[in-house]
$ cat start.tsv   # TSV, C-alpha atoms
chain	number	residue	atom	x	y	z
A	1	MET	CA	-0.62	30.02	-33.52
A	2	ASN	CA	1.35	29.15	-30.37
A	3	ILE	CA	0.48	26.20	-28.15
A	4	ASN	CA	-1.64	28.23	-25.69
A	5	GLN	CA	-3.69	29.85	-28.46
A	6	LYS	CA	-4.08	26.48	-30.10
A	7	SER	CA	-5.42	24.97	-26.88
A	8	ALA	CA	-7.96	27.76	-26.49
A	9	HIS	CA	-8.95	27.33	-30.13
A	10	ASP	CA	-9.39	23.58	-29.69
A	11	ARG	CA	-11.40	24.13	-26.52
A	12	SER	CA	-13.80	26.49	-28.25
A	13	VAL	CA	-14.14	24.17	-31.24
A	14	LEU	CA	-14.91	21.21	-29.00
A	15	SER	CA	-17.42	23.23	-27.02
A	16	ARG	CA	-19.24	24.21	-30.19
A	17	GLU	CA	-19.10	20.82	-31.83
A	18	PHE	CA	-19.89	18.60	-28.88
A	19	HIS	CA	-21.80	20.98	-26.62
A	20	LEU	CA	-19.50	20.12	-23.75
A	21	ASN	CA	-20.86	22.75	-21.45
A	22	LEU	CA	-23.49	21.36	-19.09
A	23	PRO	CA	-26.83	21.46	-20.92
A	24	SER	CA	-29.91	23.12	-19.42
A	25	LYS	CA	-31.82	21.45	-16.63
A	26	ALA	CA	-34.76	20.88	-18.96
A	27	PHE	CA	-32.52	19.07	-21.42
A	28	ARG	CA	-31.01	16.95	-18.67
A	29	LEU	CA	-34.45	16.00	-17.36
A	30	GLY	CA	-35.54	15.13	-20.88
A	31	TRP	CA	-32.40	13.04	-21.33
A	32	LEU	CA	-33.16	11.22	-18.10
A	33	LEU	CA	-36.76	10.65	-19.16
A	34	ALA	CA	-35.52	9.21	-22.43
A	35	GLY	CA	-33.40	6.78	-20.43
A	36	LEU	CA	-36.40	5.73	-18.39
A	37	VAL	CA	-38.42	5.15	-21.56
A	38	VAL	CA	-35.69	3.03	-23.13
A	39	GLY	CA	-35.46	1.00	-19.94
A	40	TYR	CA	-39.20	0.46	-19.92
A	41	VAL	CA	-39.17	-0.65	-23.56
A	42	ALA	CA	-36.27	-3.03	-22.86
A	43	SER	CA	-38.21	-4.60	-19.99
A	44	GLY	CA	-41.13	-5.21	-22.35
A	45	ILE	CA	-39.18	-6.95	-25.08
A	46	HIS	CA	-37.88	-9.59	-22.69
A	47	VAL	CA	-34.21	-8.71	-22.83
A	48	SER	CA	-32.26	-11.06	-20.60
A	49	SER	CA	-31.35	-9.40	-17.31
A	50	ILE	CA	-27.65	-10.02	-17.77
A	51	TRP	CA	-27.34	-7.73	-20.78
A	52	PRO	CA	-28.31	-4.44	-19.10
A	53	LEU	CA	-26.09	-5.44	-16.20
A	54	LEU	CA	-23.17	-6.12	-18.53
A	55	PHE	CA	-23.77	-2.85	-20.29
A	56	ILE	CA	-23.78	-0.77	-17.12
A	57	THR	CA	-20.69	-2.63	-15.87
A	58	ALA	CA	-18.76	-2.03	-19.08
A	59	LEU	CA	-19.82	1.60	-19.11
A	60	ALA	CA	-18.66	1.99	-15.52
A	61	GLY	CA	-15.30	0.57	-16.53
A	62	VAL	CA	-14.83	2.76	-19.57
A	63	SER	CA	-16.01	5.81	-17.62
A	64	GLY	CA	-13.40	5.09	-14.99
A	65	ASN	CA	-10.81	6.48	-17.36
A	66	TRP	CA	-12.27	9.95	-16.89
A	67	THR	CA	-10.68	10.34	-13.52
A	68	ALA	CA	-10.77	13.55	-11.48
B	1	MET	CA	-2.86	6.12	-17.43
B	2	VAL	CA	-2.53	6.42	-21.19
B	3	GLY	CA	0.28	8.85	-20.56
B	4	THR	CA	2.08	6.44	-18.27
B	5	ILE	CA	1.80	3.31	-20.39
B	6	ALA	CA	2.24	4.98	-23.73
B	7	PRO	CA	4.28	4.25	-26.80
B	8	VAL	CA	6.17	7.48	-26.29
B	9	VAL	CA	7.34	6.31	-22.85
B	10	TYR	CA	8.78	3.15	-24.37
B	11	ARG	CA	10.25	4.80	-27.43
B	12	ASN	CA	13.92	4.07	-28.00
B	13	SER	CA	13.72	1.39	-25.34
B	14	SER	CA	14.28	-2.33	-25.40
B	15	LEU	CA	11.01	-2.64	-23.50
B	16	SER	CA	7.83	-3.21	-25.41
B	17	TRP	CA	4.84	-0.92	-25.06
B	18	ARG	CA	2.52	-3.72	-26.16
B	19	LYS	CA	3.86	-6.03	-23.46
B	20	ALA	CA	3.37	-3.33	-20.82
B	21	ALA	CA	-0.15	-2.62	-22.08
B	22	THR	CA	-0.94	-6.35	-22.04
B	23	VAL	CA	0.36	-6.71	-18.48
B	24	TYR	CA	-1.65	-3.64	-17.48
B	25	THR	CA	-4.81	-5.05	-19.05
B	26	LEU	CA	-4.37	-8.44	-17.40
B	27	GLY	CA	-3.70	-6.68	-14.09
B	28	SER	CA	-6.85	-4.63	-14.49
B	29	ILE	CA	-8.96	-7.71	-15.19
B	30	SER	CA	-7.39	-9.51	-12.24
B	31	GLY	CA	-7.89	-6.55	-9.92
B	32	GLY	CA	-11.50	-6.37	-10.95
B	33	ALA	CA	-12.08	-10.10	-10.49
B	34	LEU	CA	-10.47	-10.07	-7.04
B	35	THR	CA	-12.64	-7.17	-6.01
B	36	GLY	CA	-15.74	-8.87	-7.34
B	37	VAL	CA	-15.01	-12.11	-5.52
B	38	THR	CA	-14.46	-10.21	-2.28
B	39	VAL	CA	-17.59	-8.12	-2.62
B	40	GLY	CA	-19.66	-11.17	-3.52
B	41	PHE	CA	-18.20	-13.17	-0.65
B	42	LEU	CA	-18.91	-10.41	1.87
B	43	GLY	CA	-22.40	-10.03	0.44
B	44	SER	CA	-23.06	-13.73	0.98
B	45	PHE	CA	-23.20	-13.03	4.72
B	46	LEU	CA	-26.22	-10.77	4.27
B	47	PRO	CA	-29.62	-12.33	5.07
B	48	ALA	CA	-30.54	-12.67	1.40
B	49	SER	CA	-33.59	-14.81	1.97
B	50	SER	CA	-35.36	-11.91	3.67
B	51	TYR	CA	-34.89	-9.44	0.81
B	52	HIS	CA	-33.88	-11.41	-2.29
B	53	SER	CA	-37.12	-10.81	-4.16
B	54	TYR	CA	-36.84	-7.05	-3.69
B	55	VAL	CA	-33.30	-6.71	-5.02
B	56	PRO	CA	-34.24	-5.63	-8.59
B	57	LEU	CA	-36.59	-2.99	-7.21
B	58	PHE	CA	-34.00	-1.62	-4.80
B	59	ILE	CA	-31.20	-1.61	-7.36
B	60	GLY	CA	-33.52	0.10	-9.84
B	61	LEU	CA	-34.35	2.85	-7.38
B	62	VAL	CA	-30.69	3.38	-6.52
B	63	ALA	CA	-29.77	3.49	-10.21
B	64	ILE	CA	-32.42	6.11	-10.96
B	65	SER	CA	-31.37	8.13	-7.92
B	66	TYR	CA	-27.77	8.17	-9.07
B	67	SER	CA	-28.94	9.00	-12.56
B	68	LEU	CA	-30.31	12.21	-11.07
B	69	HIS	CA	-26.93	12.72	-9.40
B	70	GLU	CA	-25.03	12.24	-12.67
B	71	MET	CA	-27.37	14.72	-14.35
B	72	HIS	CA	-26.56	17.29	-11.65
B	73	ILE	CA	-30.21	17.45	-10.64
B	74	VAL	CA	-29.66	16.22	-7.09
B	75	ALA	CA	-26.49	15.72	-5.08
B	76	LEU	CA	-26.02	12.31	-3.52
B	77	PRO	CA	-23.13	10.83	-1.54
B	78	HIS	CA	-20.19	10.01	-3.78
B	79	PRO	CA	-17.84	8.08	-1.49
B	80	GLU	CA	-14.44	7.44	-2.97
B	81	TRP	CA	-10.84	7.05	-1.99
B	82	ARG	CA	-9.45	10.33	-3.20
B	83	ARG	CA	-6.09	9.26	-4.45
B	84	GLN	CA	-4.28	8.29	-7.62
B	85	VAL	CA	-2.01	5.32	-8.25
B	86	PRO	CA	1.39	5.79	-6.58
B	87	ALA	CA	3.33	7.71	-9.21
B	88	HIS	CA	6.68	6.93	-7.62
B	89	TRP	CA	6.25	3.25	-8.52
B	90	ARG	CA	7.24	4.23	-12.05
B	91	TYR	CA	10.75	4.93	-10.83
B	92	ARG	CA	10.93	2.28	-8.17
B	93	PHE	CA	9.92	-0.85	-10.06
B	94	HIS	CA	10.47	-2.39	-13.45
B	95	PRO	CA	8.05	-0.86	-16.00
B	96	TYR	CA	6.22	-4.14	-16.55
B	97	ILE	CA	5.71	-4.61	-12.81
B	98	THR	CA	4.49	-1.04	-12.52
B	99	ALA	CA	2.07	-1.57	-15.38
B	100	GLY	CA	0.67	-4.71	-13.78
B	101	ALA	CA	0.41	-3.09	-10.35
B	102	PHE	CA	-1.32	-0.02	-11.76
B	103	GLY	CA	-3.71	-2.33	-13.58
B	104	LEU	CA	-4.52	-4.19	-10.36
B	105	LEU	CA	-5.30	-0.96	-8.53
B	106	LEU	CA	-7.33	0.64	-11.31
B	107	GLY	CA	-9.16	-2.56	-12.17
B	108	ALA	CA	-10.32	-2.81	-8.56
B	109	GLY	CA	-11.95	0.57	-9.02
B	110	PHE	CA	-12.30	1.64	-5.42
B	111	THR	CA	-8.60	2.28	-4.77
B	112	THR	CA	-8.63	5.57	-6.68
B	113	PHE	CA	-11.12	8.26	-7.64
B	114	ILE	CA	-14.50	6.92	-8.77
B	115	SER	CA	-15.47	9.13	-11.69
B	116	THR	CA	-19.02	7.92	-12.25
B	117	THR	CA	-21.54	6.36	-9.90
B	118	SER	CA	-22.35	3.47	-12.23
B	119	TYR	CA	-19.62	1.72	-10.26
B	120	TYR	CA	-21.76	1.82	-7.13
B	121	VAL	CA	-24.67	0.11	-8.90
B	122	VAL	CA	-22.41	-2.75	-9.97
B	123	TRP	CA	-20.99	-3.01	-6.45
B	124	LEU	CA	-24.48	-2.99	-4.93
B	125	THR	CA	-25.77	-5.65	-7.33
B	126	VAL	CA	-22.94	-8.03	-6.54
B	127	SER	CA	-23.13	-7.51	-2.79
B	128	LEU	CA	-26.92	-7.90	-2.59
B	129	TYR	CA	-26.89	-11.11	-4.63
B	130	GLY	CA	-23.98	-12.33	-2.52
B	131	SER	CA	-22.39	-14.29	-5.34
B	132	PRO	CA	-18.58	-14.40	-5.62
B	133	ALA	CA	-18.91	-15.92	-9.08
B	134	LEU	CA	-21.15	-13.11	-10.31
B	135	GLY	CA	-18.82	-10.64	-8.68
B	136	ALA	CA	-15.74	-12.10	-10.34
B	137	PHE	CA	-17.46	-12.10	-13.73
B	138	LEU	CA	-18.87	-8.57	-13.54
B	139	PHE	CA	-15.83	-6.93	-12.06
B	140	ALA	CA	-13.55	-8.70	-14.53
B	141	ILE	CA	-15.68	-7.10	-17.24
B	142	TYR	CA	-15.24	-3.80	-15.40
B	143	GLY	CA	-11.47	-4.27	-15.31
B	144	ALA	CA	-11.32	-5.15	-18.99
B	145	ALA	CA	-13.42	-2.13	-19.89
B	146	ARG	CA	-11.27	0.07	-17.67
B	147	ALA	CA	-8.16	-0.96	-19.57
B	148	SER	CA	-9.79	-0.96	-22.98
B	149	LEU	CA	-9.29	2.70	-23.82
B	150	LEU	CA	-5.55	2.40	-23.46
B	151	TRP	CA	-5.30	0.58	-26.78
B	152	PRO	CA	-7.19	2.88	-29.18
B	153	LEU	CA	-5.88	6.02	-27.46
B	154	SER	CA	-2.29	4.89	-27.66
B	155	LYS	CA	-1.78	6.63	-30.98
B	156	TRP	CA	-2.52	9.92	-29.23
B	157	ALA	CA	0.28	9.14	-26.80
B	158	ALA	CA	2.76	8.23	-29.51
B	159	THR	CA	4.49	11.57	-29.19
B	160	PHE	CA	4.90	14.05	-26.37
B	161	ASP	CA	3.20	16.73	-28.48
B	162	LEU	CA	-0.12	14.91	-28.53
B	163	MET	CA	-0.27	13.82	-24.91
B	164	PRO	CA	-1.35	17.20	-23.48
B	165	ARG	CA	-4.06	17.36	-26.12
B	166	LEU	CA	-5.27	13.89	-25.11
B	167	SER	CA	-5.45	15.02	-21.49
B	168	GLN	CA	-7.31	18.11	-22.56
B	169	TYR	CA	-9.88	16.16	-24.55
B	170	VAL	CA	-10.45	13.74	-21.67
B	171	ASP	CA	-10.96	16.66	-19.33
B	172	LEU	CA	-13.31	18.44	-21.74
B	173	THR	CA	-15.45	15.39	-22.37
B	174	LYS	CA	-15.91	14.48	-18.72
B	175	PRO	CA	-19.28	16.28	-18.40
B	176	MET	CA	-20.48	14.41	-21.48
B	177	MET	CA	-19.43	11.12	-19.94
B	178	ARG	CA	-21.40	11.95	-16.80
B	179	GLN	CA	-24.48	12.63	-18.94
B	180	VAL	CA	-24.05	9.32	-20.76
B	181	ASN	CA	-23.83	7.54	-17.42
B	182	GLY	CA	-26.92	9.37	-16.21
B	183	PHE	CA	-28.85	8.13	-19.21
B	184	ALA	CA	-27.56	4.58	-18.82
B	185	LEU	CA	-28.41	4.53	-15.10
B	186	ALA	CA	-31.93	5.77	-15.80
B	187	MET	CA	-32.32	3.09	-18.44
B	188	PHE	CA	-30.97	0.36	-16.17
B	189	GLY	CA	-33.06	1.53	-13.24
B	190	ALA	CA	-36.27	1.61	-15.26
B	191	TYR	CA	-35.52	-1.82	-16.69
B	192	SER	CA	-34.95	-3.31	-13.22
B	193	ILE	CA	-38.08	-1.77	-11.76
B	194	PHE	CA	-40.38	-2.71	-14.62
B	195	VAL	CA	-39.04	-6.26	-14.72
B	196	TYR	CA	-39.75	-6.50	-11.00
B	197	LEU	CA	-43.27	-5.12	-11.46
B	198	SER	CA	-44.15	-7.21	-14.50
B	199	PRO	CA	-46.11	-10.43	-13.91
B	200	PRO	CA	-44.19	-13.72	-13.99
B	201	ARG	CA	-43.86	-15.25	-17.45

$ encode --input "start.tsv" --output "structure tokens"
Amino acid sequence: MNINQKSAHDRSVLSREFHLNLPSKAFRLGWLLAGLVVGYVASGIHVSSIWPLLFITALAGVSGNWTA
Amino acid sequence: MVGTIAPVVYRNSSLSWRKAATVYTLGSISGGALTGVTVGFLGSFLPASSYHSYVPLFIGLVAISYSLHEMHIVALPHPEWRRQVPAHWRYRFHPYITAGAFGLLLGAGFTTFISTTSYYVVWLTVSLYGSPALGAFLFAIYGAARASLLWPLSKWAATFDLMPRLSQYVDLTKPMMRQVNGFALAMFGAYSIFVYLSPPR
């Protein structure tokens, strides 16, 4: 398998294994709703405000590696 | 960046990849901290007393709005400086200086492409609270996180054969990263809003 075929093979494997294509709108809305629910639960269990802020900051930093 | 500061680049060289990666990481943390101090300082000029109590609500609404943007449900403004780090610096300066300079620029965040809008929420939080100390702390965390992936991914950049595959995997997983950010922004936004709405303890 040459390098170009191998890349196409890897791409198809990744797409199947990690569902890298954009999911349906319904799934995305459900995913967003799940985030809202987790946030609501976190507000109810008296998590200190700094922790969600630290989490979103760290995530922003790590995500910055996925540049355009 | 993993391809630039990679073991393969320093192979057969008297220079040390680990030293370059360390300089890059320290530069990224410093760039973040400098940005945070500046944003916090500029935010201190805002009339905080008039809106301070509403900050969690506003930040929560912005976070949820950008969660919708990350999920590709709505399209919101995504301002960014559409440029990369100056590639020619690799040939112009000593590798350690280049690593540190790249770290400074990438740790600041706004000097290159902004891949996810979580960055805006952090920026907004620091500026609305108008605290240079908070800004330095948060953006230093941002800088450290920005540089963090360099270390575990270095093994992928140990040979030239693996580097294109690393780039490919990063490219392929970008939509997934946007979805993760969308979820995290929704979570953060809901948390901020419900904390604001909950009665004082």

$ closest_residue --input "start.tsv" --among "B:Pro152, B:Gly107, B:Pro132, B:Pro86" --to "chain A" --atoms "all atoms listed in the file"
B:Gly107

$ residues_around --input "start.tsv" --residues "range 51-67 of chain A" --least-positions-apart "4" --cutoff "9 Å" --atoms "only C-alpha atoms" --output "JSON, numbers by chain"
{"A": [42, 47], "B": [1, 84, 106, 107, 109, 112, 113, 114, 115, 116, 117, 118, 119, 120, 121, 122, 125, 138, 139, 141, 142, 143, 144, 145, 146, 147, 148, 149, 170, 171, 173, 174, 177, 178, 180, 181, 184, 185, 187, 188, 191, 192]}

$ atom_distance --input "start.tsv" --atom1 "CA of Leu166 in chain B" --atom2 "CA of Phe27 in chain A"
28.0 Å

$ closest_residue --input "start.tsv" --among "B:Arg165, B:Arg18, B:Arg92, B:His78" --to "chain A" --atoms "all atoms listed in the file"
B:Arg165

$ axis_aligned_box --input "start.tsv" --around "range 122-139 of chain B" --padding-each-side "4 Å" --output "JSON"
{"center_x": -21.3, "center_y": -9.3, "center_z": -8.1, "size_x": 19.2, "size_y": 21.2, "size_z": 19.2}

$ atom_distance --input "start.tsv" --atom1 "CA of Ala101 in chain B" --atom2 "CA of Tyr24 in chain B"
7.4 Å

$ atom_distance --input "start.tsv" --atom1 "CA of Lys25 in chain A" --atom2 "CA of Phe194 in chain B"
25.7 Å
